[in-house]
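Next comes entry.cif, with mmCIF, C-alpha atoms and all ligand atoms.
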data_final
#
loop_
_atom_site.label_atom_id
_atom_site.label_comp_id
_atom_site.auth_asym_id
_atom_site.auth_seq_id
_atom_site.Cartn_x
_atom_site.Cartn_y
_atom_site.Cartn_z
CA MET A 28 108.39 125.53 110.88
CA LEU A 29 106.59 125.53 107.56
CA HIS A 30 103.26 127.10 108.49
CA ASN A 31 102.04 130.58 109.34
CA CYS A 32 99.74 129.67 112.24
CA GLN A 33 99.90 132.28 115.00
CA ASN A 34 98.90 130.11 117.93
CA ARG A 35 98.27 126.53 119.06
CA GLU A 36 94.55 126.64 118.23
CA GLU A 37 95.20 127.73 114.64
CA LEU A 38 97.92 125.11 114.31
CA MET A 39 95.65 122.33 115.58
CA LYS A 40 92.96 123.31 113.05
CA PHE A 41 95.51 123.54 110.26
CA LEU A 42 97.02 120.13 110.99
CA THR A 43 93.64 118.46 111.50
CA LYS A 44 92.53 119.58 108.04
CA LYS A 45 95.83 118.38 106.60
CA SER A 46 95.20 114.95 108.18
CA VAL A 47 92.10 114.60 106.01
CA ASP A 48 93.76 115.98 102.85
CA ILE A 49 96.81 113.73 103.16
CA ARG A 50 94.75 110.59 103.81
CA LYS A 51 92.72 111.28 100.67
CA LYS A 52 95.95 111.65 98.70
CA ILE A 53 97.20 108.33 100.11
CA ILE A 54 94.03 106.67 98.79
CA GLN A 55 94.54 108.31 95.39
CA LEU A 56 98.15 107.08 95.24
CA VAL A 57 97.10 103.54 96.09
CA VAL A 58 94.57 103.68 93.24
CA THR A 59 97.20 105.09 90.83
CA ALA A 60 99.78 102.50 91.81
CA GLY A 61 97.36 99.60 91.70
CA GLY A 62 98.19 98.84 95.34
CA GLY A 63 100.23 100.05 98.27
CA HIS A 64 101.07 99.75 101.96
CA VAL A 65 97.96 101.64 102.88
CA GLY A 66 97.45 100.49 106.51
CA GLY A 67 100.84 101.64 107.77
CA GLY A 68 100.66 104.71 105.52
CA LEU A 69 97.48 105.85 107.27
CA SER A 70 98.79 105.16 110.79
CA MET A 71 101.67 107.66 110.61
CA THR A 72 99.95 110.70 109.05
CA GLU A 73 99.80 112.83 112.23
CA ILE A 74 103.39 111.95 113.16
CA LEU A 75 104.63 113.02 109.72
CA LEU A 76 102.56 116.22 109.57
CA THR A 77 103.77 117.25 113.04
CA MET A 78 107.36 116.59 112.00
CA TYR A 79 107.38 118.21 108.58
CA TYR A 80 105.16 121.22 109.26
CA HIS A 81 106.23 122.07 112.79
CA ILE A 82 109.26 120.31 114.24
CA LEU A 83 111.93 119.64 111.65
CA ASN A 84 114.38 122.38 110.78
CA ILE A 85 114.20 121.96 106.99
CA ASP A 86 113.84 124.03 103.83
CA PRO A 87 111.95 122.29 101.01
CA LYS A 88 113.43 124.82 98.55
CA ASN A 89 116.89 123.67 99.62
CA PRO A 90 116.49 119.94 100.40
CA SER A 91 120.24 119.37 100.92
CA LYS A 92 120.78 122.27 103.31
CA PRO A 93 123.75 120.96 105.35
CA ASP A 94 122.45 121.96 108.78
CA ARG A 95 118.92 120.57 108.26
CA ASP A 96 117.44 118.02 110.63
CA ARG A 97 117.44 114.54 109.10
CA PHE A 98 114.33 112.37 108.94
CA ILE A 99 114.79 108.67 108.22
CA LEU A 100 111.69 106.68 107.37
CA SER A 101 113.00 103.34 108.58
CA LYS A 102 109.64 101.70 107.74
CA GLY A 103 110.42 102.47 104.11
CA HIS A 104 107.34 100.67 102.81
CA GLY A 105 105.49 103.81 103.95
CA GLY A 106 106.21 105.59 100.64
CA VAL A 107 102.49 106.18 99.98
CA GLY A 108 102.31 107.86 103.40
CA ILE A 109 105.33 110.16 103.22
CA CYS A 110 105.39 111.22 99.54
CA PRO A 111 102.14 113.26 99.70
CA VAL A 112 103.40 115.01 102.85
CA LEU A 113 106.65 115.99 101.12
CA ALA A 114 104.65 117.36 98.17
CA ASP A 115 102.35 119.24 100.54
CA VAL A 116 105.20 121.03 102.33
CA GLY A 117 106.68 122.03 98.97
CA TYR A 118 109.50 119.66 98.07
CA TYR A 119 107.91 119.00 94.65
CA PRO A 120 104.62 119.60 92.83
CA GLU A 121 101.90 117.12 93.61
CA ASP A 122 101.42 116.17 89.97
CA MET A 123 104.94 114.73 89.94
CA MET A 124 103.41 111.76 91.76
CA MET A 125 100.85 111.10 88.98
CA ASP A 126 102.73 107.98 87.87
CA PHE A 127 103.43 106.72 91.40
CA ASN A 128 105.09 103.29 91.30
CA GLN A 129 104.78 103.04 87.50
CA TYR A 130 107.65 102.01 85.24
CA LEU A 131 110.41 104.69 85.29
CA SER A 132 108.59 106.85 87.83
CA PRO A 133 110.93 108.50 90.36
CA PHE A 134 108.38 107.42 92.96
CA GLY A 135 108.68 103.76 93.82
CA MET A 136 106.79 102.05 96.62
CA HIS A 137 109.87 102.61 98.80
CA PRO A 138 111.25 106.17 98.53
CA ASP A 139 114.61 106.66 96.83
CA MET A 140 116.84 109.47 98.18
CA LYS A 141 118.38 109.96 94.73
CA LYS A 142 115.01 110.51 93.06
CA VAL A 143 112.65 112.01 95.65
CA PRO A 144 113.59 115.46 97.02
CA GLY A 145 113.32 115.55 100.81
CA ILE A 146 114.10 111.87 101.34
CA ASP A 147 117.28 111.66 103.43
CA MET A 148 117.83 107.91 103.03
CA SER A 149 116.57 105.16 100.72
CA THR A 150 114.87 102.57 102.88
CA GLY A 151 112.64 99.53 102.45
CA SER A 152 114.64 96.70 103.86
CA LEU A 153 113.46 96.87 107.45
CA GLY A 154 115.85 97.13 110.39
CA HIS A 155 118.40 99.48 108.84
CA GLY A 156 117.08 102.97 109.55
CA LEU A 157 118.15 103.22 113.17
CA SER A 158 121.72 102.11 112.39
CA ILE A 159 121.90 104.72 109.62
CA SER A 160 120.50 107.30 112.04
CA VAL A 161 123.18 106.41 114.60
CA GLY A 162 125.84 107.02 111.95
CA LEU A 163 124.31 110.37 111.02
CA ALA A 164 124.01 111.40 114.67
CA ILE A 165 127.67 110.51 115.30
CA GLY A 166 128.56 112.55 112.20
CA ALA A 167 126.65 115.55 113.56
CA ARG A 168 128.53 115.24 116.87
CA LEU A 169 131.91 115.01 115.10
CA ASP A 170 131.06 118.10 113.04
CA LYS A 171 129.94 119.89 116.22
CA THR A 172 126.61 120.78 114.59
CA SER A 173 123.26 121.03 116.33
CA TRP A 174 120.95 119.27 113.87
CA ARG A 175 119.05 116.22 115.02
CA VAL A 176 118.19 112.88 113.50
CA PHE A 177 114.61 111.61 113.68
CA CYS A 178 114.00 107.97 112.78
CA LEU A 179 110.49 106.54 112.33
CA LEU A 180 110.29 102.78 112.88
CA GLY A 181 107.44 100.34 112.52
CA ASP A 182 106.59 98.25 115.57
CA GLY A 183 106.86 94.99 113.61
CA GLU A 184 110.20 96.30 112.40
CA CYS A 185 111.37 96.24 116.03
CA ASN A 186 111.52 92.44 115.69
CA GLU A 187 114.77 92.98 113.78
CA GLY A 188 117.84 92.39 115.96
CA SER A 189 119.67 95.17 114.15
CA VAL A 190 117.26 97.72 115.69
CA TRP A 191 118.51 96.76 119.14
CA GLU A 192 122.17 96.72 118.10
CA ALA A 193 121.68 100.28 116.87
CA ALA A 194 119.89 101.19 120.11
CA MET A 195 122.87 99.91 122.12
CA ALA A 196 125.23 101.98 119.98
CA ALA A 197 123.06 105.11 120.36
CA HIS A 198 123.36 104.83 124.12
CA HIS A 199 127.05 103.95 124.03
CA TYR A 200 127.87 107.00 121.90
CA LYS A 201 125.62 109.24 124.03
CA LEU A 202 123.51 110.38 121.10
CA GLY A 203 121.01 112.77 122.62
CA ASN A 204 120.66 114.23 119.10
CA LEU A 205 118.87 111.04 117.99
CA ILE A 206 115.13 110.57 118.34
CA ALA A 207 113.58 107.20 117.56
CA ILE A 208 109.83 107.27 116.93
CA VAL A 209 107.89 104.00 116.92
CA ASP A 210 104.61 103.81 114.99
CA ARG A 211 102.99 101.46 117.52
CA ASN A 212 99.98 100.41 115.45
CA GLN A 213 100.03 96.91 117.03
CA HIS A 214 100.12 95.17 113.63
CA MET A 215 102.78 93.94 111.25
CA LEU A 216 102.53 92.36 107.79
CA ASP A 217 100.17 89.51 108.54
CA GLY A 218 98.76 90.06 112.00
CA PRO A 219 99.11 91.54 115.49
CA THR A 220 102.65 92.05 116.79
CA GLU A 221 101.79 90.52 120.17
CA LYS A 222 100.64 87.31 118.51
CA ILE A 223 103.51 86.94 116.03
CA MET A 224 106.49 88.11 118.13
CA SER A 225 105.55 90.01 121.24
CA LEU A 226 107.25 93.33 121.87
CA GLU A 227 105.80 94.20 125.23
CA PRO A 228 106.87 95.67 127.54
CA LEU A 229 108.14 97.89 124.72
CA GLU A 230 108.55 101.06 126.77
CA ASP A 231 110.69 99.19 129.32
CA LYS A 232 112.83 97.73 126.55
CA TRP A 233 113.70 101.16 125.10
CA LYS A 234 114.32 102.47 128.60
CA ALA A 235 116.60 99.52 129.37
CA PHE A 236 118.56 100.36 126.23
CA GLY A 237 119.22 103.82 127.67
CA PHE A 238 116.59 105.82 125.79
CA ASN A 239 114.69 108.64 127.42
CA THR A 240 111.30 107.11 126.54
CA LYS A 241 107.72 108.36 126.43
CA VAL A 242 104.48 106.77 125.21
CA ILE A 243 101.93 109.08 123.59
CA LYS A 244 98.75 108.97 121.50
CA GLY A 245 100.05 109.09 117.95
CA HIS A 246 96.97 110.65 116.34
CA ASP A 247 96.57 113.34 119.01
CA TYR A 248 98.13 116.61 117.84
CA GLN A 249 98.05 118.08 121.33
CA GLU A 250 100.27 115.25 122.63
CA LEU A 251 102.46 115.16 119.54
CA LEU A 252 103.10 118.90 119.64
CA ASP A 253 103.67 119.00 123.41
CA THR A 254 106.11 116.09 123.25
CA PHE A 255 108.16 117.13 120.25
CA GLU A 256 108.23 120.83 121.19
CA LYS A 257 109.69 119.86 124.56
CA LEU A 258 112.41 117.46 123.43
CA PRO A 259 115.50 117.62 125.64
CA PRO A 260 118.43 119.57 124.15
CA ALA A 261 120.33 117.76 121.38
CA THR A 262 123.47 118.15 123.49
CA ASN A 263 122.02 115.73 126.09
CA GLU A 264 123.63 112.32 126.44
CA ASN A 265 120.57 110.08 126.31
CA PRO A 266 118.90 109.29 123.00
CA VAL A 267 115.11 109.68 122.97
CA CYS A 268 112.36 107.25 121.99
CA ILE A 269 108.76 108.33 121.49
CA ILE A 270 106.36 105.41 121.17
CA CYS A 271 103.26 106.62 119.35
CA ASN A 272 100.15 104.50 119.88
CA THR A 273 98.35 104.53 116.56
CA VAL A 274 95.73 102.62 114.58
CA LYS A 275 96.72 100.77 111.44
CA GLY A 276 94.45 101.97 108.60
CA LYS A 277 93.36 105.00 110.68
CA GLY A 278 90.42 106.86 109.16
CA VAL A 279 89.04 104.12 106.90
CA SER A 280 86.59 101.93 108.81
CA PHE A 281 87.09 98.78 106.73
CA MET A 282 90.88 99.04 106.96
CA GLU A 283 91.34 99.82 110.67
CA ASN A 284 93.17 97.00 112.48
CA GLU A 285 92.50 94.69 109.55
CA PRO A 286 95.66 92.70 108.60
CA LYS A 287 94.63 92.31 104.96
CA TRP A 288 95.01 96.09 104.53
CA HIS A 289 98.73 96.04 105.31
CA TYR A 290 99.05 96.10 101.52
CA GLY A 291 96.12 96.34 99.17
CA GLY A 292 94.60 97.72 96.01
CA LEU A 293 91.39 99.72 95.70
CA ASP A 294 88.79 99.71 92.94
CA GLU A 295 86.67 102.81 92.33
CA ASP A 296 83.92 101.86 94.79
CA ALA A 297 86.34 100.95 97.60
CA ALA A 298 88.26 104.19 97.04
CA LYS A 299 85.00 106.20 97.20
CA SER A 300 83.98 104.48 100.38
CA ALA A 301 87.43 105.15 101.90
CA ILE A 302 87.18 108.86 101.01
CA THR A 303 83.69 109.05 102.55
CA ASP A 304 85.08 107.58 105.79
CA ILE A 305 88.04 109.95 105.80
CA ASP A 306 85.67 112.94 105.49
CA LYS A 307 83.90 111.77 108.66
CA MET A 308 87.07 110.84 110.54
CA THR A 309 87.82 112.08 114.05
CA LEU A 310 91.31 112.05 115.52
C1 LIG B 1 114.13 92.99 106.04
C2 LIG B 1 112.71 92.96 105.58
N1 LIG B 1 111.97 91.85 105.75
C3 LIG B 1 110.68 91.82 105.34
C4 LIG B 1 110.12 92.90 104.70
C5 LIG B 1 108.70 92.82 104.19
N2 LIG B 1 107.82 93.68 104.96
C6 LIG B 1 107.37 94.86 104.47
S1 LIG B 1 106.40 95.67 105.56
C7 LIG B 1 106.53 94.43 106.69
C8 LIG B 1 105.82 94.50 108.02
C9 LIG B 1 106.32 95.62 108.84
O1 LIG B 1 105.52 95.81 109.96
P1 LIG B 1 105.59 97.18 110.74
O2 LIG B 1 107.00 97.55 110.96
O3 LIG B 1 104.75 97.04 111.97
O4 LIG B 1 104.99 98.22 109.72
P2 LIG B 1 103.53 98.88 109.64
O5 LIG B 1 102.57 97.98 110.34
O6 LIG B 1 103.65 100.17 110.35
O7 LIG B 1 103.26 99.03 108.20
C10 LIG B 1 107.35 93.40 106.22
C11 LIG B 1 107.66 92.19 106.98
C12 LIG B 1 110.96 94.03 104.50
N3 LIG B 1 110.49 95.15 103.91
N4 LIG B 1 112.22 94.04 104.96
#

Would you put the structure from the file into structure tokens?
Amino acid sequence: MLHNCQNREELMKFLTKKSVDIRKKIIQLVVTAGGGHVGGGLSMTEILLTMYYHILNIDPKNPSKPDRDRFILSKGHGGVGICPVLADVGYYPEDMMMDFNQYLSPFGMHPDMKKVPGIDMSTGSLGHGLSISVGLAIGARLDKTSWRVFCLLGDGECNEGSVWEAAMAAHHYKLGNLIAIVDRNQHMLDGPTEKIMSLEPLEDKWKAFGFNTKVIKGHDYQELLDTFEKLPPATNENPVCIICNTVKGKGVSFMENEPKWHYGGLDEDAAKSAITDIDKMTL
């Protein structure tokens, strides 16, 4: 873990403050870049902070450490959401992101594993992350190592058939070292998932594909910590799926559940108003 908190109460306070800091940085990046996938960036903040500060076995000073846990951001358009978290835990200085998504910047809208320390896989084309994670998890098994693979998917992304092919393979190869996490914010690019291509009953689907599945509140640190601290051993046979119920645009009143904020730009006034909301946010 990458924090010095002595107990759960301290950790909850620490992470809750980080939730505000990271959301403000997301807003700044969207201003810098002239636009960004802000809605889905804001929905996964607590998931990412729980992972990077508390759960993943990683060393930001040694990003390629062979026995590290792998984290695959399958919803690769979430670059504005993950890059400030990686800076915060120490993979690179924050000012490296000053030219986010500008010409020749190492930081594109979709993170590049060859340019951004801490990114385990370049993603952006949806539907590939779980297959890649299956390959990594098989590799870990073949090497008889104990690291795990965590893969964060969007819910709209689960419309891709390749997600379910990968899920079948994860069960077939008995990959208990693989954890799929679904950012269940109920929205995709241009509207609600249930209206465009319904996913429900999503929990039953993952269960039917052989995943040990749980649904939790994805902005609630208590539930996130309890769930991820108590993952079954990586040596288990069943892969795991944690469906995190979240809010797209979480923390910014005019963005929450509003399809037009899947991707958007912010002028100075809108950015100020977003920051004011974030300061008042409750999780
Ligand atoms: C293969 C593919 N098709 C289309 C897109 C364009 N696209 C980017 S984000 C997105 C919507 C994804 O929705 P979801 O997975 O729910 O993400 P979130 O709402 O969490 O941002 C789409 C269709 C893409 N990146 N890749």

**Message:** Quick one: residues within 8 Å of stretch 131-145 of chain A, all atoms listed in the file, excluding same-chain residues fewer than 3 positions away - as number ranges by chain?
**Reply:** A: 63, 87, 90-91, 103-107, 110, 113, 118-119, 124, 126-128, 148-151

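In this model, the gap between atom CA of A:Ile54 and atom CA of A:Glu121 comes to 14.1 Å.
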
**Request:** Please indicate the distance in Å from atom CA of A:Lys171 to atom CA of A:Ile99, rounded to one decimal place.
**Result:**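 Value for the atom CA of A:Lys171-atom CA of A:Ile99 distance: 20.5 Å.
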
**Request:** Residues up to 10 Å from ligand LIG 1 (chain B), counting all atoms listed in the file: could you list those as an NGL selection string?
**Result:** :A and (64-71 or 101-105 or 137 or 150-155 or 179-187 or 209-220 or 273-276 or 284 or 286 or 288-290)

**Message:** Quick check, in Å to one decimal: how far apart do atom CA of A:Phe255 and atom CA of A:Ile302 lie?
**Reply:**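 These two atoms are separated by 29.6 Å.
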
Test item: residues at most 6 Å from stretch 195-200 of chain A, all atoms listed in the file, excluding those fewer than 2 positions along its chain, as a compact mmCIF listing (two decimals) with C-alpha atoms, in the coordinates of the input:
# COMPACT_ATOMS: atom_id res chain seq x y z
CA VAL A 161 123.18 106.41 114.60
CA GLU A 192 122.17 96.72 118.10
CA ALA A 193 121.68 100.28 116.87
CA LEU A 202 123.51 110.38 121.10
CA PHE A 236 118.56 100.36 126.23
CA GLY A 237 119.22 103.82 127.67

**Message:** With distances taken over only C-alpha atoms, which residue among A:Asp304, A:Glu256, A:Asp94, A:Asp231 lies nearest A:Thr77?
**Reply:**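 Among the listed residues, A:Glu256 lies closest to A:Thr77.
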
**Request:** Pick out the closest residue to A:Asp253 from this set: A:Ile82, A:Thr240, A:Met28, A:Glu230. Count only C-alpha atoms.
**Result:**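 Between A:Ile82, A:Thr240, A:Met28, A:Glu230, the residue approaching A:Asp253 most closely is A:Ile82.
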
**Message:** Give me, as a ChimeraX atom specification, all polymer residues having an atom no more than 8 Å from A:Ser160, counting all atoms listed in the file and skipping those fewer than 6 positions away in the same chain.
**Reply:** /A:99,176-178,205

Selected residues, C-alpha atoms, written as a PDB file, in the coordinates of the input, please.
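New file selection-v1.pdb:
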ATOM      1  CA  ILE A  99     114.790 108.670 108.220  1.00  0.00           C
ATOM      2  CA  VAL A 176     118.190 112.880 113.500  1.00  0.00           C
ATOM      3  CA  PHE A 177     114.610 111.610 113.680  1.00  0.00           C
ATOM      4  CA  CYS A 178     114.000 107.970 112.780  1.00  0.00           C
ATOM      5  CA  LEU A 205     118.870 111.040 117.990  1.00  0.00           C
TER       6      LEU A 205
END
